[in-house]
>>> print(open('coords37.cif').read())   # mmCIF, C-alpha atoms and all ligand atoms
data_work
loop_
_atom_site.label_atom_id
_atom_site.label_comp_id
_atom_site.auth_asym_id
_atom_site.auth_seq_id
_atom_site.Cartn_x
_atom_site.Cartn_y
_atom_site.Cartn_z
CA TYR L 234 -31.26 -8.87 -167.86
CA ASP L 235 -29.06 -11.93 -167.84
CA MET L 236 -29.43 -13.38 -171.27
CA PRO L 237 -29.95 -17.14 -171.25
CA THR L 238 -26.60 -18.39 -172.59
CA THR L 239 -26.17 -17.53 -176.26
CA SER L 240 -29.02 -17.16 -178.67
CA HIS L 241 -31.88 -19.44 -179.52
CA PHE L 242 -29.70 -22.24 -178.29
CA ILE L 243 -31.25 -22.29 -174.88
CA SER L 244 -31.78 -25.34 -172.77
CA LEU L 245 -35.48 -25.51 -172.07
CA PRO L 246 -35.37 -26.90 -168.52
CA SER L 247 -33.16 -24.02 -167.37
CA LEU L 248 -35.69 -21.49 -168.68
CA PHE L 249 -38.74 -23.25 -167.37
CA ASN L 250 -37.21 -23.52 -163.90
CA ALA L 251 -36.04 -19.95 -163.91
CA GLN L 252 -39.26 -18.11 -163.21
CA PRO L 253 -40.30 -17.20 -159.73
CA ASN L 254 -43.90 -17.79 -158.75
CA LEU L 255 -45.14 -14.24 -158.65
CA PRO L 256 -48.18 -13.67 -156.46
CA ASP L 257 -51.30 -12.82 -158.50
CA SER L 258 -51.22 -9.23 -157.22
CA LYS L 259 -47.79 -8.68 -158.84
CA ARG L 260 -48.26 -10.69 -162.02
CA LYS L 261 -49.05 -8.47 -165.00
CA LYS L 262 -50.50 -9.35 -168.38
CA ILE L 263 -48.20 -7.81 -170.96
CA LEU L 264 -48.58 -7.44 -174.73
CA ILE L 265 -45.43 -7.18 -176.85
CA THR L 266 -46.08 -6.23 -180.46
CA GLY L 267 -43.16 -7.28 -182.67
CA GLY L 268 -42.26 -9.74 -179.91
CA ALA L 269 -40.83 -12.34 -182.31
CA GLY L 270 -38.19 -9.90 -183.56
CA PHE L 271 -34.68 -9.25 -182.30
CA VAL L 272 -35.48 -6.82 -179.45
CA GLY L 273 -38.96 -8.17 -178.73
CA SER L 274 -37.82 -11.74 -178.15
CA HIS L 275 -35.23 -10.67 -175.56
CA LEU L 276 -37.84 -8.53 -173.84
CA THR L 277 -40.15 -11.56 -173.86
CA ASP L 278 -37.46 -13.60 -172.11
CA LYS L 279 -36.98 -10.96 -169.41
CA LEU L 280 -40.70 -10.55 -168.69
CA MET L 281 -41.39 -14.31 -168.79
CA MET L 282 -38.48 -14.94 -166.44
CA GLU L 283 -39.91 -12.33 -164.06
CA GLY L 284 -43.08 -14.40 -163.94
CA HIS L 285 -45.51 -12.27 -165.96
CA GLU L 286 -48.05 -13.36 -168.56
CA VAL L 287 -46.81 -12.41 -172.01
CA ILE L 288 -48.72 -12.16 -175.28
CA VAL L 289 -46.48 -11.80 -178.33
CA LEU L 290 -48.25 -10.31 -181.34
CA ASP L 291 -46.34 -10.49 -184.62
CA ASN L 292 -46.95 -10.80 -188.36
CA PHE L 293 -43.53 -12.47 -188.90
CA PHE L 294 -42.43 -9.94 -191.49
CA THR L 295 -38.92 -9.83 -190.01
CA GLY L 296 -39.51 -11.83 -186.84
CA GLN L 297 -38.80 -15.52 -186.49
CA ARG L 298 -40.81 -18.17 -184.69
CA LYS L 299 -37.61 -19.73 -183.37
CA ASN L 300 -36.87 -16.54 -181.40
CA VAL L 301 -39.73 -17.35 -179.03
CA GLU L 302 -40.30 -21.04 -179.61
CA HIS L 303 -38.74 -21.97 -176.26
CA TRP L 304 -41.83 -20.43 -174.58
CA MET L 305 -44.39 -21.93 -176.95
CA HIS L 306 -45.98 -24.42 -174.53
CA HIS L 307 -45.57 -22.37 -171.40
CA PRO L 308 -48.89 -21.67 -169.66
CA ARG L 309 -48.10 -17.96 -169.23
CA PHE L 310 -47.12 -17.43 -172.89
CA GLN L 311 -49.29 -16.79 -175.92
CA LEU L 312 -48.35 -16.11 -179.54
CA VAL L 313 -50.85 -14.24 -181.70
CA VAL L 314 -50.11 -14.03 -185.41
CA HIS L 315 -51.61 -10.66 -186.32
CA ASP L 316 -50.78 -7.48 -188.20
CA VAL L 317 -50.91 -4.31 -186.07
CA THR L 318 -52.42 -2.37 -188.97
CA GLU L 319 -55.62 -4.31 -188.14
CA PRO L 320 -57.41 -3.57 -184.84
CA ILE L 321 -57.40 -6.22 -182.12
CA MET L 322 -59.29 -6.73 -178.85
CA LEU L 323 -57.23 -7.94 -175.88
CA GLU L 324 -57.14 -7.32 -172.14
CA VAL L 325 -53.68 -6.46 -170.81
CA ASP L 326 -52.03 -4.20 -168.22
CA GLU L 327 -49.10 -3.02 -170.33
CA ILE L 328 -48.26 -2.77 -174.02
CA TYR L 329 -44.70 -2.69 -175.35
CA HIS L 330 -45.32 -1.54 -178.92
CA LEU L 331 -42.31 -2.60 -181.01
CA ALA L 332 -43.89 -3.87 -184.23
CA CYS L 333 -42.05 -2.25 -187.15
CA PRO L 334 -39.18 -3.41 -189.35
CA ALA L 335 -36.01 -1.72 -188.08
CA SER L 336 -33.28 -2.45 -190.60
CA PRO L 337 -32.98 -0.12 -193.63
CA PRO L 338 -33.33 -2.85 -196.32
CA HIS L 339 -36.39 -4.23 -194.54
CA TYR L 340 -38.20 -0.97 -193.89
CA GLN L 341 -37.42 0.27 -197.42
CA TYR L 342 -38.69 -2.96 -199.02
CA ASN L 343 -42.28 -1.69 -198.88
CA PRO L 344 -42.23 1.94 -197.68
CA VAL L 345 -46.03 2.30 -197.71
CA LYS L 346 -46.39 -0.77 -195.49
CA THR L 347 -43.76 0.64 -193.11
CA ILE L 348 -45.74 3.89 -192.89
CA LYS L 349 -48.98 1.98 -192.29
CA THR L 350 -47.32 -0.07 -189.56
CA SER L 351 -46.10 3.02 -187.69
CA THR L 352 -49.25 5.10 -188.19
CA MET L 353 -52.25 2.76 -188.31
CA GLY L 354 -50.44 0.25 -186.09
CA THR L 355 -49.71 2.84 -183.40
CA ILE L 356 -53.25 4.26 -183.57
CA ASN L 357 -54.63 0.75 -183.11
CA MET L 358 -52.41 0.12 -180.10
CA LEU L 359 -53.20 3.53 -178.61
CA GLY L 360 -56.91 2.92 -179.13
CA LEU L 361 -56.54 -0.40 -177.35
CA ALA L 362 -54.52 1.20 -174.51
CA LYS L 363 -57.18 3.89 -174.10
CA ARG L 364 -60.06 1.41 -174.01
CA ILE L 365 -58.49 -1.03 -171.57
CA LYS L 366 -56.53 1.63 -169.57
CA ALA L 367 -53.17 -0.02 -170.25
CA LYS L 368 -49.82 1.72 -170.05
CA ILE L 369 -48.14 1.82 -173.48
CA LEU L 370 -44.48 2.14 -174.46
CA LEU L 371 -43.43 3.01 -178.04
CA THR L 372 -40.01 1.99 -179.32
CA SER L 373 -39.09 5.10 -181.26
CA THR L 374 -35.64 5.59 -182.71
CA SER L 375 -32.57 7.81 -183.00
CA GLU L 376 -33.62 8.04 -186.67
CA ILE L 377 -36.14 10.72 -185.67
CA TYR L 378 -33.04 12.99 -185.37
CA GLY L 379 -32.34 12.30 -189.08
CA ASP L 380 -28.87 13.45 -190.17
CA PRO L 381 -28.23 15.33 -186.93
CA GLN L 382 -26.71 18.80 -186.84
CA VAL L 383 -26.34 18.58 -183.06
CA HIS L 384 -23.88 16.05 -181.62
CA PRO L 385 -24.39 14.11 -179.39
CA GLN L 386 -28.18 14.17 -179.64
CA PRO L 387 -30.24 15.15 -176.56
CA GLU L 388 -34.01 14.54 -176.52
CA SER L 389 -34.58 18.29 -176.90
CA TYR L 390 -33.10 18.23 -180.45
CA TRP L 391 -35.87 18.37 -183.09
CA GLY L 392 -33.94 16.60 -185.81
CA ASN L 393 -33.11 16.94 -189.48
CA VAL L 394 -35.09 14.48 -191.60
CA ASN L 395 -35.52 14.54 -195.39
CA THR L 396 -39.27 14.04 -195.70
CA ILE L 397 -39.05 12.52 -199.20
CA GLY L 398 -35.84 10.48 -198.91
CA PRO L 399 -35.59 6.67 -198.79
CA ARG L 400 -35.38 6.62 -194.98
CA ALA L 401 -38.43 8.86 -194.51
CA CYS L 402 -40.97 6.01 -194.39
CA TYR L 403 -39.31 4.84 -191.17
CA ASP L 404 -38.19 8.18 -189.69
CA GLU L 405 -41.40 10.10 -190.36
CA GLY L 406 -43.51 7.08 -189.38
CA LYS L 407 -41.82 7.05 -185.97
CA ARG L 408 -42.04 10.84 -185.67
CA VAL L 409 -45.80 10.82 -186.18
CA ALA L 410 -46.09 7.76 -183.91
CA GLU L 411 -44.48 9.89 -181.16
CA THR L 412 -46.91 12.72 -181.97
CA MET L 413 -49.83 10.32 -181.58
CA MET L 414 -48.52 9.05 -178.23
CA TYR L 415 -48.62 12.58 -176.79
CA ALA L 416 -51.96 13.42 -178.44
CA TYR L 417 -53.51 10.39 -176.71
CA ARG L 418 -51.76 11.28 -173.45
CA ASN L 419 -52.92 14.90 -173.52
CA ASN L 420 -56.46 14.38 -174.82
CA ASN L 421 -57.33 10.93 -173.51
CA GLY L 422 -55.18 10.50 -170.42
CA VAL L 423 -53.32 7.47 -171.81
CA ASP L 424 -50.19 6.67 -169.76
CA VAL L 425 -47.38 6.70 -172.34
CA ARG L 426 -43.64 5.98 -172.48
CA VAL L 427 -41.40 6.74 -175.46
CA ALA L 428 -37.93 5.20 -175.88
CA ARG L 429 -35.65 6.60 -178.59
CA ILE L 430 -33.43 3.62 -179.26
CA PHE L 431 -29.95 3.98 -180.75
CA ASN L 432 -28.19 1.22 -182.76
CA THR L 433 -28.51 -2.04 -180.84
CA PHE L 434 -26.91 -5.40 -181.54
CA GLY L 435 -26.67 -8.92 -180.18
CA PRO L 436 -27.76 -12.53 -180.59
CA ARG L 437 -30.94 -13.14 -182.62
CA MET L 438 -30.32 -10.32 -185.08
CA HIS L 439 -31.54 -11.81 -188.33
CA PRO L 440 -28.47 -13.00 -190.30
CA ASN L 441 -29.87 -11.29 -193.40
CA ASP L 442 -30.94 -8.27 -191.46
CA GLY L 443 -28.55 -6.03 -193.40
CA ARG L 444 -27.47 -4.01 -190.38
CA VAL L 445 -23.83 -3.23 -189.91
CA VAL L 446 -23.04 -5.44 -186.91
CA SER L 447 -24.56 -8.63 -188.31
CA ASN L 448 -23.08 -7.95 -191.76
CA PHE L 449 -19.53 -7.29 -190.51
CA VAL L 450 -19.53 -10.20 -188.05
CA ILE L 451 -20.86 -12.70 -190.59
CA GLN L 452 -18.48 -11.43 -193.27
CA SER L 453 -15.49 -11.60 -190.87
CA LEU L 454 -16.31 -15.11 -189.71
CA GLN L 455 -16.33 -16.28 -193.34
CA ASP L 456 -13.21 -14.28 -194.34
CA LYS L 457 -15.32 -12.41 -196.90
CA PRO L 458 -14.87 -8.69 -197.67
CA LEU L 459 -16.43 -6.33 -195.17
CA THR L 460 -18.82 -4.08 -197.10
CA ILE L 461 -18.40 -0.44 -196.09
CA TYR L 462 -21.02 1.88 -197.59
CA GLY L 463 -19.36 5.17 -198.52
CA ASP L 464 -15.95 6.14 -197.14
CA GLY L 465 -16.72 4.77 -193.67
CA SER L 466 -16.30 8.14 -191.95
CA GLN L 467 -19.92 8.13 -190.73
CA THR L 468 -20.27 7.29 -187.04
CA ARG L 469 -22.60 5.14 -184.97
CA SER L 470 -22.73 4.29 -181.26
CA PHE L 471 -23.53 0.69 -180.42
CA GLN L 472 -25.51 -0.71 -177.52
CA TYR L 473 -25.74 -4.35 -176.47
CA ILE L 474 -29.22 -5.86 -176.37
CA SER L 475 -29.32 -6.69 -172.63
CA ASP L 476 -28.74 -3.02 -171.76
CA LEU L 477 -31.59 -1.97 -174.04
CA VAL L 478 -33.96 -4.52 -172.50
CA ASP L 479 -33.11 -3.25 -169.01
CA GLY L 480 -33.65 0.34 -170.19
CA LEU L 481 -37.07 -0.42 -171.71
CA HIS L 482 -38.10 -2.17 -168.51
CA ALA L 483 -36.91 0.74 -166.33
CA LEU L 484 -38.75 3.22 -168.54
CA MET L 485 -42.03 1.28 -168.48
CA ASN L 486 -41.85 0.86 -164.71
CA GLY L 487 -40.72 4.39 -163.87
CA GLY L 488 -42.81 7.56 -163.65
CA TYR L 489 -41.17 9.62 -166.42
CA ASP L 490 -43.39 9.99 -169.50
CA MET L 491 -41.35 12.14 -171.89
CA PRO L 492 -39.06 10.65 -174.61
CA VAL L 493 -35.85 9.02 -173.35
CA ASN L 494 -32.75 8.14 -175.39
CA LEU L 495 -31.54 4.57 -174.79
CA GLY L 496 -28.13 3.90 -176.26
CA ASN L 497 -24.47 3.41 -175.49
CA PRO L 498 -22.38 6.53 -176.21
CA GLU L 499 -19.38 4.39 -177.35
CA GLU L 500 -18.95 5.92 -180.82
CA TYR L 501 -17.04 4.48 -183.80
CA THR L 502 -16.57 5.44 -187.41
CA VAL L 503 -17.89 2.60 -189.58
CA LYS L 504 -14.36 2.14 -190.96
CA ASP L 505 -12.80 1.76 -187.49
CA PHE L 506 -15.66 -0.52 -186.50
CA ALA L 507 -14.91 -2.81 -189.45
CA GLU L 508 -11.24 -3.01 -188.43
CA TYR L 509 -12.24 -3.68 -184.82
CA ILE L 510 -14.53 -6.58 -185.73
CA LYS L 511 -11.85 -8.03 -188.00
CA GLU L 512 -9.38 -7.85 -185.11
CA ILE L 513 -11.68 -9.47 -182.54
CA THR L 514 -12.65 -12.30 -184.89
CA GLY L 515 -9.03 -12.75 -186.08
CA SER L 516 -10.37 -12.54 -189.62
CA ALA L 517 -8.39 -12.46 -192.86
CA SER L 518 -11.14 -10.43 -194.57
CA GLU L 519 -10.41 -7.45 -196.79
CA VAL L 520 -12.42 -4.26 -196.52
CA SER L 521 -14.35 -3.18 -199.62
CA PHE L 522 -15.80 0.27 -200.18
CA LEU L 523 -19.23 0.34 -201.84
CA PRO L 524 -21.29 3.37 -202.88
CA ALA L 525 -22.78 5.32 -199.98
CA THR L 526 -26.50 4.91 -199.34
CA LYS L 527 -28.69 7.98 -199.76
CA ASP L 528 -29.28 10.17 -196.70
CA ASP L 529 -27.09 7.96 -194.48
CA PRO L 530 -26.68 9.99 -191.26
CA THR L 531 -23.08 11.21 -190.94
CA GLN L 532 -22.90 11.02 -187.15
CA ARG L 533 -24.90 9.56 -184.30
CA LYS L 534 -24.30 9.37 -180.55
CA PRO L 535 -26.84 9.49 -177.73
CA ASP L 536 -26.83 12.02 -174.93
CA ILE L 537 -28.10 9.77 -172.11
CA THR L 538 -28.32 12.38 -169.35
CA THR L 539 -32.11 11.94 -169.14
CA ALA L 540 -31.97 8.15 -168.80
CA LYS L 541 -29.33 8.41 -166.08
CA ARG L 542 -31.29 11.07 -164.17
CA GLU L 543 -34.85 9.76 -164.60
CA LEU L 544 -34.30 5.99 -164.74
CA GLY L 545 -30.98 5.51 -162.99
CA TRP L 546 -30.04 3.61 -166.15
CA GLU L 547 -26.81 3.46 -168.11
CA PRO L 548 -25.23 0.78 -170.29
CA ARG L 549 -23.22 -1.87 -168.44
CA VAL L 550 -21.92 -3.98 -171.33
CA THR L 551 -18.98 -2.64 -173.34
CA VAL L 552 -19.05 -2.89 -177.13
CA LYS L 553 -16.16 -5.36 -176.91
CA GLU L 554 -18.01 -7.70 -174.51
CA GLY L 555 -21.18 -7.42 -176.57
CA LEU L 556 -19.32 -8.19 -179.77
CA GLN L 557 -17.71 -11.28 -178.24
CA LYS L 558 -21.14 -12.65 -177.33
CA THR L 559 -22.55 -11.77 -180.74
CA ILE L 560 -19.62 -13.37 -182.54
CA ALA L 561 -20.08 -16.55 -180.49
CA TYR L 562 -23.75 -16.54 -181.50
CA PHE L 563 -23.16 -16.07 -185.23
CA SER L 564 -20.39 -18.72 -185.20
CA ARG L 565 -22.99 -21.12 -183.92
CA VAL L 566 -25.56 -19.99 -186.53
CA LEU L 567 -22.97 -20.52 -189.27
CA GLU L 568 -22.10 -23.98 -187.94
CA GLU L 569 -25.76 -24.94 -188.17
CA SER L 570 -26.67 -23.32 -191.46
CA GLY L 571 -23.47 -23.34 -193.51
CA GLU L 572 -22.66 -20.32 -195.65
CA ILE L 573 -24.58 -17.06 -195.16
CA ILE L 574 -24.41 -14.25 -197.68
CA PRO L 575 -25.68 -11.10 -195.96
CA THR L 576 -28.02 -8.92 -198.02
P1 LIG L 601 -37.01 -6.60 -185.95
O1 LIG L 601 -37.24 -6.37 -187.39
O2 LIG L 601 -36.15 -7.74 -185.54
O3 LIG L 601 -38.40 -6.75 -185.18
C1 LIG L 601 -39.58 -6.13 -185.58
C2 LIG L 601 -40.72 -7.10 -185.34
O4 LIG L 601 -41.96 -6.47 -185.70
C3 LIG L 601 -40.60 -8.36 -186.20
O5 LIG L 601 -40.85 -9.50 -185.41
C4 LIG L 601 -41.67 -8.16 -187.28
O6 LIG L 601 -42.14 -9.38 -187.81
C5 LIG L 601 -42.72 -7.38 -186.51
N1 LIG L 601 -43.59 -6.57 -187.37
C6 LIG L 601 -43.24 -5.72 -188.38
N2 LIG L 601 -44.33 -5.17 -188.93
C7 LIG L 601 -45.41 -5.66 -188.25
C8 LIG L 601 -46.82 -5.49 -188.38
N3 LIG L 601 -47.33 -4.67 -189.30
N4 LIG L 601 -47.62 -6.18 -187.53
C9 LIG L 601 -47.10 -7.03 -186.59
N5 LIG L 601 -45.78 -7.24 -186.45
C10 LIG L 601 -44.94 -6.56 -187.27
O7 LIG L 601 -36.45 -5.23 -185.36
P2 LIG L 601 -35.89 -4.90 -183.91
O8 LIG L 601 -34.49 -4.51 -184.04
O9 LIG L 601 -36.26 -5.95 -182.94
O10 LIG L 601 -36.73 -3.58 -183.58
C11 LIG L 601 -37.81 -3.57 -182.68
C12 LIG L 601 -38.29 -2.15 -182.45
O11 LIG L 601 -37.22 -1.34 -181.94
C13 LIG L 601 -38.78 -1.46 -183.73
O12 LIG L 601 -39.91 -0.68 -183.40
C14 LIG L 601 -37.62 -0.57 -184.11
O13 LIG L 601 -38.07 0.56 -184.81
C15 LIG L 601 -37.05 -0.20 -182.75
N6 LIG L 601 -35.64 0.16 -182.86
C16 LIG L 601 -34.67 -0.79 -182.99
C17 LIG L 601 -33.33 -0.41 -183.11
C18 LIG L 601 -32.23 -1.43 -183.23
O14 LIG L 601 -31.06 -1.04 -183.36
N7 LIG L 601 -32.50 -2.71 -183.19
C19 LIG L 601 -32.99 0.94 -183.10
C20 LIG L 601 -34.00 1.88 -183.00
C21 LIG L 601 -35.32 1.49 -182.85
N1 LIG L 602 -23.16 -0.03 -193.15
C1 LIG L 602 -22.05 -0.41 -193.86
N2 LIG L 602 -21.99 -1.67 -194.34
C2 LIG L 602 -22.97 -2.59 -194.14
C3 LIG L 602 -24.11 -2.21 -193.41
C4 LIG L 602 -24.18 -0.91 -192.93
O1 LIG L 602 -21.11 0.38 -194.06
O2 LIG L 602 -22.82 -3.74 -194.61
C5 LIG L 602 -23.20 1.33 -192.58
C6 LIG L 602 -24.44 2.13 -192.96
O3 LIG L 602 -24.23 2.80 -194.18
C7 LIG L 602 -24.55 3.09 -191.77
C8 LIG L 602 -24.01 2.26 -190.59
O4 LIG L 602 -23.24 1.21 -191.17
O5 LIG L 602 -23.72 4.20 -191.95
C9 LIG L 602 -25.12 1.66 -189.73
O6 LIG L 602 -26.01 0.98 -190.58
P1 LIG L 602 -27.20 0.09 -190.04
O7 LIG L 602 -27.97 -0.38 -191.23
O8 LIG L 602 -26.70 -0.92 -189.10
O9 LIG L 602 -28.10 1.07 -189.16
P2 LIG L 602 -28.59 2.59 -189.36
O10 LIG L 602 -27.91 3.30 -188.26
O11 LIG L 602 -28.18 3.10 -190.69
O12 LIG L 602 -30.06 2.48 -189.23
#
>>> encode(input="coords37.cif", output="structure tokens")
Amino acid sequence: YDMPTTSHFISLPSLFNAQPNLPDSKRKKILITGGAGFVGSHLTDKLMMEGHEVIVLDNFFTGQRKNVEHWMHHPRFQLVVHDVTEPIMLEVDEIYHLACPASPPHYQYNPVKTIKTSTMGTINMLGLAKRIKAKILLTSTSEIYGDPQVHPQPESYWGNVNTIGPRACYDEGKRVAETMMYAYRNNNGVDVRVARIFNTFGPRMHPNDGRVVSNFVIQSLQDKPLTIYGDGSQTRSFQYISDLVDGLHALMNGGYDMPVNLGNPEEYTVKDFAEYIKEITGSASEVSFLPATKDDPTQRKPDITTAKRELGWEPRVTVKEGLQKTIAYFSRVLEESGEIIPT
């Protein structure tokens, strides 16, 4: 996936001229729930540029209209403002089911709603897939491994989640969403795909998203203190958005129907990551240590053997290259909007 320049700041003619005229026999009708969010909007760009018909369904809880507004008047694009917890009738060939807040402050804002989105929302989409015989892909998460006792994490690891902790609404919601995918596959013959996505970053992350990459980049660009939660010894492995989009596409279009980790194994401690972002941005920021958040996983790194073997997929963009593009994007956002204080 070659991302159109940086960000929302896309020149419309270049996009509108970019799509090939797919013959009717190859053109698919594709539903993307959560398509106005960070990941969903990039996936929309890829599928639109391939020449498919795309329906974005979103309730705009964390998504932004401007993420997809460059497609708004395109004849192959449709935006449906709808909440996945309510059933919907549509006719499509494929469903990419992304709808769910992904950042800890957002999914913890209303835990019951997050649970409803993952449970009722996924049942609704599976019911739709069953009725219209569509293939359906769920964006699950590395969070289903909880605070992992196995490192790096292969898909065969069952995880270590605190069922009553603050992250449980998201983690357990996704775990039961996976369970439902395989119940519908086994009992109803629904063709399913499950991606377990590891930390992903890039342009169009919401500036107030609260995730570590957007926070550290925005703080660095404004020479404000970088907020490290805890002692910063916890690790994460960061993947650039274009690699994820290519991985989701390969998974949907391949024949493998068991869960697949999609992530970049480049692993950093949060403390080293803060220093790295400061260095790349040439920032004068200090680093400040804040209290740790409850149940924050201490380590995380994907084992991507399955994706390599089954999809022929592996990340192509280094963290450094991805950060440079993301920094360019947030510099532009700051130029347009003035000061941003990340939540
Ligand atoms: P995001 O918050 O930017 O996007 C989520 C989208 O879903 C938003 O547009 C939001 O408005 C929409 N949404 C939320 N609840 C909804 C509902 N009830 N009905 C309809 N729409 C709803 O997050 P993202 O980073 O783009 O994540 C997309 C998917 O990928 C999520 O399922 C998330 O769990 C998964 N994921 C993301 C990451 C990551 O690092 N970005 C990691 C693991 C998994
Ligand atoms: N984090 C941090 N400072 C921030 C935001 C996040 O130190 O301003 C830490 C957070 O505690 C976690 C890691 O960075 O250990 C990744 O957090 P993020 O919210 O991006 O994603 P998570 O992997 O926790 O879902």
>>> residues_near_ligand(input="coords37.cif", ligand="ligand LIG 602 (chain L)", cutoff="7 Å", atoms="only C-alpha atoms and all ligand atoms", output="PyMOL selection string")
chain L and resi 336-337+432+443-446+448-449+459-463+465+467-469+503+525-526+529-530
>>> write_last_selection(input="coords37.cif", atoms="C-alpha atoms", output="tab-separated table (two decimals), in the coordinates of the input")
chain	number	residue	atom	x	y	z
L	336	SER	CA	-33.28	-2.45	-190.60
L	337	PRO	CA	-32.98	-0.12	-193.63
L	432	ASN	CA	-28.19	1.22	-182.76
L	443	GLY	CA	-28.55	-6.03	-193.40
L	444	ARG	CA	-27.47	-4.01	-190.38
L	445	VAL	CA	-23.83	-3.23	-189.91
L	446	VAL	CA	-23.04	-5.44	-186.91
L	448	ASN	CA	-23.08	-7.95	-191.76
L	449	PHE	CA	-19.53	-7.29	-190.51
L	459	LEU	CA	-16.43	-6.33	-195.17
L	460	THR	CA	-18.82	-4.08	-197.10
L	461	ILE	CA	-18.40	-0.44	-196.09
L	462	TYR	CA	-21.02	1.88	-197.59
L	463	GLY	CA	-19.36	5.17	-198.52
L	465	GLY	CA	-16.72	4.77	-193.67
L	467	GLN	CA	-19.92	8.13	-190.73
L	468	THR	CA	-20.27	7.29	-187.04
L	469	ARG	CA	-22.60	5.14	-184.97
L	503	VAL	CA	-17.89	2.60	-189.58
L	525	ALA	CA	-22.78	5.32	-199.98
L	526	THR	CA	-26.50	4.91	-199.34
L	529	ASP	CA	-27.09	7.96	-194.48
L	530	PRO	CA	-26.68	9.99	-191.26
>>> residues_around(input="coords37.cif", residues="Tyr329 in chain L", least_positions_apart="5", cutoff="8 Å", atoms="all atoms listed in the file", output="list of chain:residue names")
L:Ile263, L:Leu264, L:Ile265, L:Thr266, L:Ile369, L:Leu370, L:Leu371, L:Thr372
>>> atom_distance(input="coords37.cif", atom1="CA of Thr374 in chain L", atom2="CA of Ile430 in chain L")
4.5 Å
>>> closest_atom_pairs(input="coords37.cif", of="chain L", to="ligand LIG 601 (chain L)", cutoff="8 Å", atoms="all atoms listed in the file", output="Markdown table")
| residue | atom | partner | partner_atom | distance |
| --- | --- | --- | --- | --- |
| L:Thr266 | CA | L:LIG601 | N5 | 6.1 |
| L:Gly267 | CA | L:LIG601 | O4 | 3.4 |
| L:Gly268 | CA | L:LIG601 | O5 | 5.7 |
| L:Ala269 | CA | L:LIG601 | O5 | 4.2 |
| L:Gly270 | CA | L:LIG601 | O5 | 3.3 |
| L:Phe271 | CA | L:LIG601 | O9 | 3.7 |
| L:Val272 | CA | L:LIG601 | O9 | 3.7 |
| L:Gly273 | CA | L:LIG601 | O9 | 5.5 |
| L:Ser274 | CA | L:LIG601 | O9 | 7.7 |
| L:Leu290 | CA | L:LIG601 | C9 | 6.3 |
| L:Asp291 | CA | L:LIG601 | N5 | 3.8 |
| L:Asn292 | CA | L:LIG601 | C9 | 4.2 |
| L:Phe293 | CA | L:LIG601 | O6 | 3.6 |
| L:Phe294 | CA | L:LIG601 | O6 | 3.7 |
| L:Thr295 | CA | L:LIG601 | O6 | 3.9 |
| L:Gly296 | CA | L:LIG601 | O5 | 3.0 |
| L:Gln297 | CA | L:LIG601 | O5 | 6.5 |
| L:Val314 | CA | L:LIG601 | C9 | 7.7 |
| L:His315 | CA | L:LIG601 | C9 | 5.8 |
| L:Asp316 | CA | L:LIG601 | N4 | 3.5 |
| L:Val317 | CA | L:LIG601 | N4 | 4.1 |
| L:Thr318 | CA | L:LIG601 | N3 | 5.6 |
| L:His330 | CA | L:LIG601 | O12 | 7.1 |
| L:Leu331 | CA | L:LIG601 | O12 | 3.9 |
| L:Ala332 | CA | L:LIG601 | O4 | 3.6 |
| L:Cys333 | CA | L:LIG601 | C6 | 3.9 |
| L:Pro334 | CA | L:LIG601 | O1 | 4.0 |
| L:Ala335 | CA | L:LIG601 | C14 | 4.4 |
| L:Ser336 | CA | L:LIG601 | O1 | 6.4 |
| L:His339 | CA | L:LIG601 | O1 | 7.5 |
| L:Lys346 | CA | L:LIG601 | N3 | 7.4 |
| L:Thr347 | CA | L:LIG601 | N2 | 7.2 |
| L:Lys349 | CA | L:LIG601 | N3 | 7.5 |
| L:Thr350 | CA | L:LIG601 | N3 | 4.6 |
| L:Ser351 | CA | L:LIG601 | N3 | 8.0 |
| L:Gly354 | CA | L:LIG601 | N3 | 6.6 |
| L:Leu371 | CA | L:LIG601 | O12 | 7.4 |
| L:Thr372 | CA | L:LIG601 | O12 | 4.9 |
| L:Ser373 | CA | L:LIG601 | C21 | 5.5 |
| L:Thr374 | CA | L:LIG601 | C20 | 4.1 |
| L:Ser375 | CA | L:LIG601 | C20 | 6.1 |
| L:Glu376 | CA | L:LIG601 | C20 | 7.2 |
| L:Tyr403 | CA | L:LIG601 | O13 | 7.8 |
| L:Lys407 | CA | L:LIG601 | O13 | 7.6 |
| L:Arg429 | CA | L:LIG601 | C21 | 6.7 |
| L:Ile430 | CA | L:LIG601 | C20 | 4.2 |
| L:Phe431 | CA | L:LIG601 | C19 | 4.9 |
| L:Asn432 | CA | L:LIG601 | O14 | 3.7 |
| L:Thr433 | CA | L:LIG601 | O14 | 3.7 |
| L:Phe434 | CA | L:LIG601 | O14 | 6.3 |
| L:Met438 | CA | L:LIG601 | O2 | 6.4 |
| L:His439 | CA | L:LIG601 | O2 | 6.8 |
| L:Asp442 | CA | L:LIG601 | O1 | 7.7 |
>>> closest_residue(input="coords37.cif", among="L:Gln452, L:Gln557, L:Gln532, L:Asn494", to="Glu519 in chain L", atoms="all atoms listed in the file")
L:Gln452
>>> residues_around(input="coords37.cif", residues="Lys259 in chain L", least_positions_apart="6", cutoff="12 Å", atoms="all atoms listed in the file", output="list in words")
Pro253, Glu283, Gly284, His285, Glu286 and Asp326 of chain L
>>> write_last_selection(input="coords37.cif", atoms="C-alpha atoms", output="PDB file, in the coordinates of the input")
ATOM      1  CA  PRO L 253     -40.300 -17.200-159.730  1.00  0.00           C
ATOM      2  CA  GLU L 283     -39.910 -12.330-164.060  1.00  0.00           C
ATOM      3  CA  GLY L 284     -43.080 -14.400-163.940  1.00  0.00           C
ATOM      4  CA  HIS L 285     -45.510 -12.270-165.960  1.00  0.00           C
ATOM      5  CA  GLU L 286     -48.050 -13.360-168.560  1.00  0.00           C
ATOM      6  CA  ASP L 326     -52.030  -4.200-168.220  1.00  0.00           C
TER       7      ASP L 326
END
